[in-house]
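S.K.: Here you go, start-v5.txt (compact mmCIF, C-alpha atoms and all ligand atoms):
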# COMPACT_ATOMS: atom_id res chain seq x y z
CA MET A 13 14.14 61.38 59.26
CA PRO A 14 15.66 57.88 58.93
CA GLU A 15 19.28 57.36 59.75
CA VAL A 16 21.74 57.31 56.87
CA PHE A 17 24.78 55.06 56.95
CA ASP A 18 27.85 54.98 54.76
CA LEU A 19 27.74 51.21 54.66
CA VAL A 20 25.28 48.58 55.85
CA VAL A 21 26.13 44.91 56.36
CA GLN A 22 22.76 43.30 55.89
CA GLY A 23 21.13 40.01 56.75
CA GLY A 24 23.77 38.30 58.86
CA VAL A 25 23.92 36.94 62.38
CA VAL A 26 25.94 39.22 64.64
CA VAL A 27 28.08 37.39 67.19
CA THR A 28 29.65 39.09 70.20
CA GLY A 29 31.06 37.77 73.44
CA ALA A 30 27.65 38.34 75.00
CA GLY A 31 25.50 36.44 72.51
CA MET A 32 24.22 36.34 68.97
CA ALA A 33 21.30 37.85 67.09
CA ARG A 34 20.04 38.47 63.58
CA ALA A 35 20.96 42.09 62.94
CA ASP A 36 22.26 44.53 60.37
CA VAL A 37 25.35 46.59 61.09
CA GLY A 38 25.35 50.25 60.07
CA VAL A 39 28.72 51.93 59.67
CA ARG A 40 29.39 55.63 59.56
CA GLY A 41 32.95 56.70 58.87
CA GLU A 42 35.27 54.46 60.85
CA THR A 43 32.69 53.54 63.47
CA ILE A 44 29.76 51.21 63.97
CA ALA A 45 26.74 53.51 64.28
CA ALA A 46 23.93 50.99 64.75
CA VAL A 47 23.30 47.28 65.23
CA ALA A 48 19.65 46.40 64.73
CA ALA A 49 17.26 44.45 62.56
CA ASP A 50 16.28 46.00 59.23
CA LEU A 51 18.42 49.12 59.20
CA PRO A 52 17.56 51.61 56.44
CA THR A 53 19.87 51.43 53.43
CA ALA A 54 18.69 54.54 51.59
CA GLY A 55 21.62 56.85 51.02
CA ALA A 56 24.23 54.23 51.89
CA ARG A 57 27.24 54.18 49.60
CA ARG A 58 27.35 50.46 49.91
CA VAL A 59 25.18 47.58 51.11
CA VAL A 60 26.91 44.27 51.74
CA ASP A 61 24.80 41.14 51.74
CA ALA A 62 25.67 38.82 54.62
CA THR A 63 22.65 36.53 54.38
CA GLY A 64 23.49 33.14 55.88
CA LYS A 65 26.79 34.44 57.22
CA LEU A 66 28.15 35.29 60.64
CA ILE A 67 29.26 38.82 61.45
CA LEU A 68 32.16 38.74 63.89
CA PRO A 69 34.30 41.48 65.41
CA GLY A 70 37.77 41.53 63.83
CA VAL A 71 40.12 39.10 65.54
CA ILE A 72 42.69 40.62 67.91
CA ASP A 73 45.81 38.46 67.67
CA VAL A 74 47.89 39.39 70.72
CA HIS A 75 50.89 37.17 69.95
CA THR A 76 52.83 37.81 66.75
CA HIS A 77 56.53 38.04 65.83
CA PRO A 78 56.92 40.19 62.70
CA VAL A 79 60.70 39.81 62.50
CA TYR A 80 61.17 36.56 60.60
CA LEU A 81 59.93 35.65 57.09
CA ASP A 82 56.91 37.91 57.57
CA ASP A 83 57.78 41.49 58.46
CA ILE A 84 55.13 43.86 59.83
CA HIS A 85 53.73 44.42 56.35
CA HIS A 86 53.45 40.74 55.45
CA THR A 87 52.27 39.72 58.91
CA SER A 88 49.40 42.17 58.59
CA ILE A 89 48.46 40.77 55.17
CA THR A 90 48.45 37.11 56.19
CA ALA A 91 46.63 38.03 59.42
CA ALA A 92 43.99 40.06 57.55
CA PHE A 93 43.26 37.14 55.22
CA GLY A 94 42.53 35.16 58.37
CA GLY A 95 40.06 37.71 59.77
CA THR A 96 42.45 39.58 62.06
CA THR A 97 42.20 43.37 62.18
CA THR A 98 44.41 44.09 65.19
CA THR A 99 47.70 42.51 66.18
CA ILE A 100 49.88 43.03 69.23
CA HIS A 101 53.43 42.34 68.12
CA TYR A 102 56.34 41.44 70.33
CA ALA A 103 58.99 44.13 69.92
CA TYR A 104 62.08 42.15 70.90
CA ALA A 105 64.95 44.13 72.40
CA ARG A 106 67.85 41.71 72.09
CA PRO A 107 71.06 42.06 74.10
CA GLY A 108 72.69 45.40 73.38
CA MET A 109 69.43 46.90 72.08
CA LYS A 110 67.56 49.73 73.76
CA VAL A 111 63.92 49.10 74.67
CA LEU A 112 62.61 52.56 73.77
CA ASP A 113 64.44 52.64 70.42
CA THR A 114 63.05 49.19 69.62
CA ILE A 115 59.48 50.25 70.44
CA LYS A 116 59.78 53.38 68.27
CA LYS A 117 61.21 51.37 65.38
CA PHE A 118 58.33 48.85 65.45
CA ARG A 119 55.77 51.65 65.87
CA ASP A 120 57.09 53.65 62.92
CA ASP A 121 57.44 50.54 60.76
CA GLY A 122 53.83 49.59 61.53
CA LEU A 123 52.44 53.06 60.85
CA GLU A 124 54.11 53.03 57.46
CA ASN A 125 53.71 49.40 56.41
CA SER A 126 50.98 47.62 58.36
CA LEU A 127 47.51 47.12 56.90
CA THR A 128 46.00 46.39 60.30
CA ASP A 129 45.88 48.30 63.57
CA PHE A 130 48.48 47.21 66.05
CA GLY A 131 49.90 47.54 69.52
CA LEU A 132 53.21 46.40 70.97
CA HIS A 133 54.56 44.34 73.82
CA ALA A 134 58.22 44.79 74.65
CA GLY A 135 60.34 41.63 74.81
CA LEU A 136 63.34 41.86 77.10
CA PHE A 137 66.47 39.76 76.56
CA ASP A 138 68.86 41.64 78.83
CA VAL A 139 66.87 42.85 81.80
CA ALA A 140 69.90 44.04 83.79
CA ASN A 141 70.66 46.61 81.11
CA GLN A 142 67.10 47.29 79.96
CA ILE A 143 65.07 47.62 83.14
CA GLU A 144 65.70 51.30 83.69
CA GLU A 145 63.89 52.11 80.45
CA LEU A 146 60.63 50.40 81.42
CA PRO A 147 58.84 53.34 83.09
CA GLN A 148 59.37 55.40 79.92
CA ALA A 149 58.03 52.56 77.78
CA PHE A 150 54.64 53.18 79.39
CA GLU A 151 54.74 56.71 77.97
CA LEU A 152 55.16 55.16 74.51
CA GLY A 153 52.02 53.06 75.01
CA VAL A 154 53.70 49.79 75.94
CA THR A 155 52.41 48.31 79.20
CA SER A 156 53.21 44.60 78.76
CA PHE A 157 56.69 43.10 78.96
CA LYS A 158 57.80 39.60 78.08
CA VAL A 159 60.74 37.68 79.42
CA PHE A 160 61.88 34.10 78.80
CA MET A 161 62.29 31.67 81.69
CA THR A 162 63.85 29.25 79.17
CA TYR A 163 66.40 29.23 76.34
CA ALA A 164 69.39 29.65 78.66
CA LYS A 165 71.82 28.25 76.06
CA LEU A 166 70.52 30.73 73.51
CA LYS A 167 71.21 33.45 76.11
CA TRP A 168 67.58 34.57 76.02
CA MET A 169 66.80 33.52 79.59
CA THR A 170 65.96 35.90 82.42
CA ASP A 171 66.94 34.38 85.76
CA ASP A 172 64.80 34.62 88.89
CA TYR A 173 66.71 37.64 90.21
CA TRP A 174 65.86 39.71 87.14
CA LEU A 175 62.39 38.20 86.72
CA MET A 176 61.62 39.41 90.23
CA ALA A 177 63.01 42.83 89.31
CA VAL A 178 60.84 43.11 86.17
CA LEU A 179 57.73 42.04 88.09
CA ASP A 180 58.55 44.59 90.77
CA VAL A 181 59.08 47.53 88.40
CA VAL A 182 56.20 46.70 86.04
CA GLY A 183 53.90 45.97 88.99
CA GLN A 184 54.62 49.41 90.43
CA GLU A 185 53.71 50.98 87.07
CA GLY A 186 50.45 49.01 86.88
CA GLY A 187 51.47 46.99 83.84
CA LEU A 188 51.64 43.32 83.00
CA VAL A 189 54.48 40.82 82.68
CA ALA A 190 54.30 37.93 80.20
CA VAL A 191 56.55 34.93 80.75
CA HIS A 192 57.58 32.18 78.39
CA ALA A 193 57.28 29.62 81.15
CA GLU A 194 59.53 26.58 80.88
CA ASN A 195 62.37 25.74 83.24
CA GLY A 196 65.39 26.71 81.14
CA LEU A 197 68.32 25.33 83.11
CA ALA A 198 66.63 21.98 83.76
CA THR A 199 65.86 21.73 80.04
CA ASP A 200 69.47 22.48 79.14
CA TYR A 201 70.76 19.81 81.53
CA LEU A 202 68.39 17.22 80.06
CA GLU A 203 69.41 18.20 76.55
CA ASP A 204 73.10 17.72 77.42
CA LYS A 205 72.37 14.39 79.09
CA TYR A 206 70.38 12.94 76.17
CA ASN A 207 72.95 14.31 73.77
CA ARG A 208 75.72 12.43 75.66
CA MET A 209 73.57 9.29 75.53
CA GLY A 210 73.48 9.62 71.76
CA LEU A 211 69.76 10.39 71.38
CA SER A 212 68.93 12.42 68.30
CA ALA A 213 67.79 16.00 68.95
CA LEU A 214 64.40 15.06 67.50
CA ASP A 215 63.94 12.11 69.83
CA ALA A 216 65.11 14.08 72.85
CA PHE A 217 63.04 17.18 72.10
CA THR A 218 59.86 16.52 74.07
CA ARG A 219 61.72 14.63 76.81
CA THR A 220 63.82 17.70 77.54
CA ARG A 221 60.70 19.88 77.75
CA PRO A 222 58.26 17.84 79.82
CA ASP A 223 54.89 19.29 80.82
CA VAL A 224 55.81 19.34 84.50
CA LEU A 225 58.68 21.77 83.83
CA GLU A 226 56.21 24.11 82.13
CA ALA A 227 53.85 23.81 85.12
CA GLU A 228 56.78 24.42 87.46
CA ALA A 229 57.82 27.61 85.70
CA ILE A 230 54.25 28.90 85.64
CA ASN A 231 53.92 28.16 89.35
CA ARG A 232 57.19 29.97 90.08
CA ALA A 233 56.21 33.02 88.02
CA ILE A 234 52.83 33.12 89.77
CA ALA A 235 54.51 33.07 93.19
CA MET A 236 56.87 35.88 92.27
CA ALA A 237 54.10 37.94 90.64
CA LYS A 238 52.09 37.59 93.82
CA VAL A 239 54.98 38.96 95.89
CA ALA A 240 55.40 41.84 93.45
CA ASP A 241 51.64 42.44 93.15
CA CYS A 242 52.03 42.43 89.36
CA ALA A 243 49.54 41.13 86.76
CA LEU A 244 50.86 38.07 84.95
CA TYR A 245 50.11 36.77 81.45
CA ILE A 246 51.11 33.26 80.38
CA PRO A 247 51.38 33.07 76.59
CA HIS A 248 51.09 29.77 74.69
CA VAL A 249 50.12 27.40 77.52
CA SER A 250 50.72 23.97 75.97
CA ALA A 251 50.30 21.48 78.83
CA ALA A 252 47.13 20.40 80.60
CA LYS A 253 49.18 20.08 83.79
CA ALA A 254 50.08 23.76 83.62
CA LEU A 255 46.48 24.80 84.25
CA ALA A 256 46.43 23.71 87.91
CA PRO A 257 48.66 26.50 89.28
CA ILE A 258 46.75 29.04 87.17
CA ARG A 259 43.40 27.85 88.56
CA ARG A 260 44.72 27.99 92.12
CA ALA A 261 46.12 31.51 91.73
CA ARG A 262 42.81 32.70 90.26
CA GLU A 263 40.88 31.20 93.14
CA GLU A 264 43.10 33.17 95.48
CA GLY A 265 42.24 36.35 93.63
CA GLN A 266 45.51 36.88 91.79
CA VAL A 267 45.47 38.54 88.35
CA VAL A 268 46.82 35.80 86.06
CA TYR A 269 45.79 35.50 82.41
CA ALA A 270 46.34 32.43 80.28
CA GLU A 271 46.63 32.12 76.50
CA THR A 272 46.86 29.08 74.29
CA CYS A 273 47.22 28.69 70.53
CA PRO A 274 45.47 26.60 67.85
CA GLN A 275 48.59 24.46 67.44
CA TYR A 276 48.40 23.35 71.08
CA LEU A 277 44.66 22.68 70.78
CA THR A 278 44.81 20.64 67.57
CA LEU A 279 48.30 19.23 66.89
CA THR A 280 50.40 16.67 68.78
CA GLU A 281 54.00 15.52 69.04
CA GLU A 282 53.23 13.02 66.23
CA MET A 283 53.80 15.96 63.94
CA LEU A 284 57.47 16.03 64.93
CA HIS A 285 57.93 12.69 63.19
CA GLU A 286 56.11 13.82 60.07
CA ARG A 287 57.49 17.33 59.79
CA GLY A 288 60.71 17.31 61.81
CA PRO A 289 62.09 20.83 62.34
CA GLN A 290 59.01 22.47 60.81
CA ALA A 291 57.12 21.30 63.92
CA LYS A 292 59.83 22.56 66.27
CA ILE A 293 58.05 25.15 68.37
CA GLY A 294 58.44 26.17 71.97
CA PRO A 295 56.79 24.97 74.18
CA PRO A 296 56.59 21.73 72.20
CA LEU A 297 53.53 20.11 70.69
CA ARG A 298 52.31 17.58 73.24
CA THR A 299 49.68 14.81 73.46
CA PRO A 300 45.98 14.37 72.62
CA GLU A 301 45.34 14.47 76.38
CA ASP A 302 46.93 17.92 76.48
CA ASN A 303 44.73 19.06 73.56
CA GLU A 304 41.66 17.94 75.49
CA GLY A 305 42.88 19.41 78.78
CA LEU A 306 43.37 22.79 77.12
CA TRP A 307 39.86 22.68 75.64
CA GLN A 308 38.59 22.01 79.15
CA GLY A 309 40.60 25.02 80.33
CA ILE A 310 38.82 27.07 77.67
CA GLN A 311 35.43 25.68 78.68
CA ASP A 312 35.88 26.37 82.39
CA GLY A 313 37.37 29.84 81.84
CA THR A 314 40.94 29.11 82.97
CA ILE A 315 42.21 30.02 79.50
CA ASP A 316 41.29 33.56 78.50
CA THR A 317 42.65 34.00 75.00
CA VAL A 318 43.69 32.11 71.88
CA ALA A 319 46.45 33.75 69.84
CA SER A 320 48.71 32.64 67.02
CA ASP A 321 52.39 32.90 68.10
CA HIS A 322 53.04 33.57 64.40
CA ALA A 323 56.79 33.13 63.84
CA PRO A 324 57.40 31.81 60.30
CA LYS A 325 60.91 30.66 59.51
CA ALA A 326 62.41 28.94 56.48
CA LYS A 327 62.57 25.30 57.58
CA ARG A 328 62.66 22.10 55.58
CA VAL A 329 61.62 18.68 56.87
CA ASP A 330 65.16 17.32 56.52
CA ASP A 331 67.01 20.27 58.07
CA ASP A 332 69.19 19.55 61.12
CA PHE A 333 66.70 19.42 64.00
CA PHE A 334 69.01 20.73 66.69
CA GLU A 335 70.11 23.74 64.63
CA ALA A 336 66.60 24.59 63.40
CA PRO A 337 64.96 27.65 64.95
CA TYR A 338 61.67 27.59 66.87
CA GLY A 339 58.40 28.81 65.37
CA SER A 340 55.74 28.26 62.72
CA PRO A 341 53.33 30.29 60.57
CA GLN A 342 49.99 30.58 62.38
CA ALA A 343 48.37 34.02 61.92
CA GLU A 344 46.14 33.25 58.95
CA THR A 345 44.74 29.99 60.34
CA LEU A 346 44.02 31.32 63.85
CA LEU A 347 40.29 31.96 63.42
CA THR A 348 39.48 29.18 60.99
CA VAL A 349 41.22 26.39 62.92
CA THR A 350 39.88 27.54 66.30
CA TYR A 351 36.39 27.82 64.82
CA ASP A 352 36.54 24.44 63.12
CA ALA A 353 38.06 22.57 66.05
CA GLY A 354 36.05 24.45 68.67
CA VAL A 355 32.63 25.39 67.31
CA ASN A 356 32.06 22.66 64.71
CA SER A 357 33.02 20.00 67.26
CA GLY A 358 30.61 21.42 69.82
CA ARG A 359 33.37 22.22 72.31
CA ILE A 360 32.63 25.95 72.45
CA SER A 361 29.84 28.30 71.46
CA LEU A 362 30.20 31.10 68.95
CA PRO A 363 30.10 33.79 71.68
CA ARG A 364 32.89 31.92 73.52
CA LEU A 365 34.91 31.90 70.29
CA VAL A 366 34.50 35.67 70.04
CA GLN A 367 35.49 36.10 73.69
CA LEU A 368 38.69 34.11 73.15
CA LEU A 369 39.76 35.79 69.91
CA ALA A 370 38.48 39.35 70.26
CA GLU A 371 36.62 40.47 73.37
CA THR A 372 38.93 39.20 76.10
CA PRO A 373 42.16 40.23 74.34
CA ALA A 374 40.60 43.69 73.97
CA ARG A 375 39.70 43.78 77.65
CA ILE A 376 43.11 42.58 78.89
CA PHE A 377 45.06 45.08 76.80
CA GLY A 378 42.69 48.03 77.23
CA TYR A 379 41.06 48.17 73.77
CA TYR A 380 37.53 47.31 74.88
CA PRO A 381 34.86 48.45 73.92
CA LYS A 382 36.51 50.37 71.05
CA LYS A 383 37.61 46.98 69.76
CA GLY A 384 36.59 43.39 70.44
CA THR A 385 32.85 43.74 69.88
CA ILE A 386 30.16 44.71 67.38
CA ALA A 387 28.28 47.56 69.04
CA PRO A 388 27.44 51.20 68.42
CA GLY A 389 30.52 53.33 69.07
CA ALA A 390 33.03 50.54 68.41
CA ASP A 391 35.54 50.70 65.59
CA ALA A 392 34.04 49.21 62.44
CA ASP A 393 36.34 46.16 62.48
CA VAL A 394 34.04 43.57 60.97
CA VAL A 395 34.50 40.08 59.58
CA ILE A 396 31.91 38.29 57.47
CA PHE A 397 32.43 34.59 58.10
CA ASP A 398 30.84 31.86 56.02
CA PRO A 399 30.12 28.84 58.26
CA THR A 400 29.27 26.70 55.21
CA ALA A 401 32.48 27.30 53.24
CA ARG A 402 34.43 24.06 53.04
CA PHE A 403 38.08 24.31 52.15
CA THR A 404 41.43 22.64 52.62
CA ILE A 405 44.33 24.51 54.16
CA ARG A 406 47.36 24.30 51.91
CA HIS A 407 50.61 26.19 51.89
CA ALA A 408 49.67 27.22 48.34
CA ASN A 409 46.51 29.05 49.50
CA GLN A 410 48.15 30.85 52.43
CA HIS A 411 49.65 34.33 52.28
CA SER A 412 52.56 34.02 54.70
CA GLN A 413 56.06 34.14 53.26
CA ALA A 414 56.71 30.83 55.05
CA ASN A 415 57.48 27.78 52.93
CA TYR A 416 54.98 25.50 54.70
CA THR A 417 51.98 25.27 57.00
CA LEU A 418 51.59 22.71 59.78
CA TYR A 419 47.92 22.39 58.75
CA GLU A 420 48.67 21.18 55.21
CA GLY A 421 45.69 19.12 54.04
CA ARG A 422 43.46 19.98 57.01
CA GLU A 423 39.87 20.27 55.87
CA CYS A 424 37.97 23.09 57.55
CA LEU A 425 34.34 24.07 57.50
CA GLY A 426 34.00 27.84 57.84
CA ARG A 427 36.20 30.70 56.76
CA PRO A 428 36.32 34.51 56.71
CA LEU A 429 35.29 36.01 53.37
CA TRP A 430 35.26 39.74 53.89
CA VAL A 431 37.27 41.80 56.36
CA MET A 432 36.88 45.46 57.17
CA GLN A 433 38.99 47.68 59.38
CA ARG A 434 37.54 50.95 60.66
CA GLY A 435 35.13 51.16 57.74
CA ARG A 436 37.74 50.33 55.08
CA VAL A 437 37.60 46.97 53.34
CA LEU A 438 40.82 44.96 53.64
CA ILE A 439 39.78 41.63 52.10
CA GLU A 440 37.00 41.17 49.58
CA ASP A 441 36.14 37.91 47.76
CA GLY A 442 39.45 36.43 48.80
CA GLN A 443 41.36 39.39 47.36
CA LEU A 444 43.46 41.91 49.23
CA VAL A 445 42.10 45.39 48.65
CA GLY A 446 43.52 47.15 51.71
CA ARG A 447 46.65 49.26 51.53
CA PRO A 448 49.29 50.15 54.09
CA GLY A 449 49.58 53.61 55.60
CA GLN A 450 46.22 53.75 57.37
CA ALA A 451 46.94 51.55 60.37
CA GLN A 452 46.67 53.01 63.84
CA TYR A 453 49.18 52.39 66.58
CA LEU A 454 47.12 51.50 69.63
CA PRO A 455 48.76 52.09 72.99
CA THR A 456 47.81 49.34 75.44
CA GLN A 457 46.51 49.75 78.96
CA ALA A 458 47.23 46.29 80.20
CA ALA A 459 45.44 44.66 83.07
CA LYS A 460 43.18 47.58 83.83
CA THR A 461 40.03 45.46 83.45
ZN ZN B 1 55.86 33.77 70.71
Kindly present the structure from the file in structure tokens form.
Ligand SMILES: [Zn+2]
M.R.:
Amino acid sequence: MPEVFDLVVQGGVVVTGAGMARADVGVRGETIAAVAADLPTAGARRVVDATGKLILPGVIDVHTHPVYLDDIHHTSITAAFGGTTTTIHYAYARPGMKVLDTIKKFRDDGLENSLTDFGLHAGLFDVANQIEELPQAFELGVTSFKVFMTYAKLKWMTDDYWLMAVLDVVGQEGGLVAVHAENGLATDYLEDKYNRMGLSALDAFTRTRPDVLEAEAINRAIAMAKVADCALYIPHVSAAKALAPIRRAREEGQVVYAETCPQYLTLTEEMLHERGPQAKIGPPLRTPEDNEGLWQGIQDGTIDTVASDHAPKAKRVDDDFFEAPYGSPQAETLLTVTYDAGVNSGRISLPRLVQLLAETPARIFGYYPKKGTIAPGADADVVIFDPTARFTIRHANQHSQANYTLYEGRECLGRPLWVMQRGRVLIEDGQLVGRPGQAQYLPTQAAKT
């Protein structure tokens, strides 16, 4: 009696973190039931032809901010168009806000409005008043906590006293702390100094945020995490120099994860002169040498993940640079830009791409092997990717509510065509067919790899 599947993706090349092979993917219900050559299609409700295409696990974007122009609903749509089926959003608890209330609000919003499965990190802005809630956050499925070592003037900064406290408490619970690692007070002094000298905010921007102050903050966080015996995650590493302390800590056996983003791999500070405030992101865009250094970090395994840091805000090129907020739209271009700049250039293999965007994020946050791979028993989160599709990224063909993209005019070879989450099609022929209300909230189990 041959097996019967609900849906068979036929004729493609399946790519996982472990390798690639010509295989069909048989789906039953919400789950992948078989991955093998020439699966039977008799009785299947649907057979999808993937001849000449790659079959990838859905991207897991572990760095998104669904509180600006794209809310949870719109973030999930723009992410899905880009091949992402799971996001881990930062639930920011600003001063005066309760951590647990914030987590519940994001969770309920996502269950109602997201098209994609999601988990949550908590972001702490007022550790002194929020730290007592952290053990209970674990009960709500949140095991990763972010603090800022920078943005002192914005009153977002956590000082070393409270950073040590967070590492201590989260370390005891077996969770993970993420730090936005730049030296905040040094940056603020430099900003004041260049301001007094009459430098424009644009011209002073990268000088006030030099790579060595990012490396310093990472080094400091690593030292404190070691004392606390707490796992550490460094989001959006932007500087080649910042990799040295991470490599050293790894060699000494410390649990330190590093993430970078497509913008730090492909764009440079030149963009500040073209796009002004639209290119204002933190940490800043740096140099071509940093781009190359980060690719080396990916090649030698120092960098574990690539995520988007999607934070779209309404910014015009001629807005006041100093007043402009940080952030840019990135979710939809995450896979395509990393693929084009990484695989097409020969810098990374397809399995390495899948490790960076799906398998390793799933492992770090406790979703593997339910997510992050194409294998029997995994959720049927499947992307059909056409490596021969040539297209030009334009704001007009993106689905974010942002008014621009930093990749305007970038020609890419390769794009996702068809996206399925747990057996339900989200994107088909470039059209959104998924609906909200079916997303799962996925509690994390950080750093239990
Ligand atoms: Zn971010």
S.K.: Residues near Pro341 of chain A, anyone? I mean within 10 Å using all atoms listed in the file, not counting same-chain ones fewer than 3 positions away, as a short mmCIF file (atom, residue, chain, number, x, y, z; two decimals) with C-alpha atoms, keeping the file's coordinate frame.
M.R.:
data_model
loop_
_atom_site.label_atom_id
_atom_site.label_comp_id
_atom_site.auth_asym_id
_atom_site.auth_seq_id
_atom_site.Cartn_x
_atom_site.Cartn_y
_atom_site.Cartn_z
CA THR A 76 52.83 37.81 66.75
CA HIS A 77 56.53 38.04 65.83
CA LEU A 81 59.93 35.65 57.09
CA ASP A 82 56.91 37.91 57.57
CA THR A 87 52.27 39.72 58.91
CA THR A 90 48.45 37.11 56.19
CA GLN A 290 59.01 22.47 60.81
CA SER A 320 48.71 32.64 67.02
CA ASP A 321 52.39 32.90 68.10
CA HIS A 322 53.04 33.57 64.40
CA ALA A 323 56.79 33.13 63.84
CA PRO A 324 57.40 31.81 60.30
CA LYS A 325 60.91 30.66 59.51
CA GLU A 344 46.14 33.25 58.95
CA THR A 345 44.74 29.99 60.34
CA LEU A 346 44.02 31.32 63.85
CA HIS A 407 50.61 26.19 51.89
CA GLN A 410 48.15 30.85 52.43
CA HIS A 411 49.65 34.33 52.28
CA SER A 412 52.56 34.02 54.70
CA GLN A 413 56.06 34.14 53.26
CA ALA A 414 56.71 30.83 55.05
CA ASN A 415 57.48 27.78 52.93
CA TYR A 416 54.98 25.50 54.70
CA THR A 417 51.98 25.27 57.00
CA LEU A 418 51.59 22.71 59.78
CA TYR A 419 47.92 22.39 58.75
#
S.K.: At a cut-off of 12 Å, using only C-alpha atoms, what residues contact Ser361 of chain A? Leave out same-chain residues fewer than 2 positions from it and give the result as number ranges by chain.
M.R.: A: 27-32, 310-311, 350-359, 363-368
S.K.: Nearest to ligand ZN 1 (chain B) among A:Gly421, A:Pro247, A:Gly153, A:Gly265, with distances taken over only C-alpha atoms and all ligand atoms: which residue is it?
M.R.: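 Closest to ligand ZN 1 (chain B), using only C-alpha atoms and all ligand atoms: A:Pro247.
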S.K.: Find the spatial neighbours of Ala270 of chain A, counting only C-alpha atoms, within a cut-off of 6 Å - ignore same-chain residues fewer than 2 positions away - and output them as a VMD selection string.
M.R.: chain A and resid 245 to 246 315 to 316
S.K.: Env of segment 93-101 of chain A: 7 Å cut, atoms = only C-alpha atoms, seq-sep filter 3 positions within chain, self excluded. Answer as a ChimeraX atom specification.
M.R.: /A:70-78,89-90,128-133,343-347,393,395,428,431,433,439
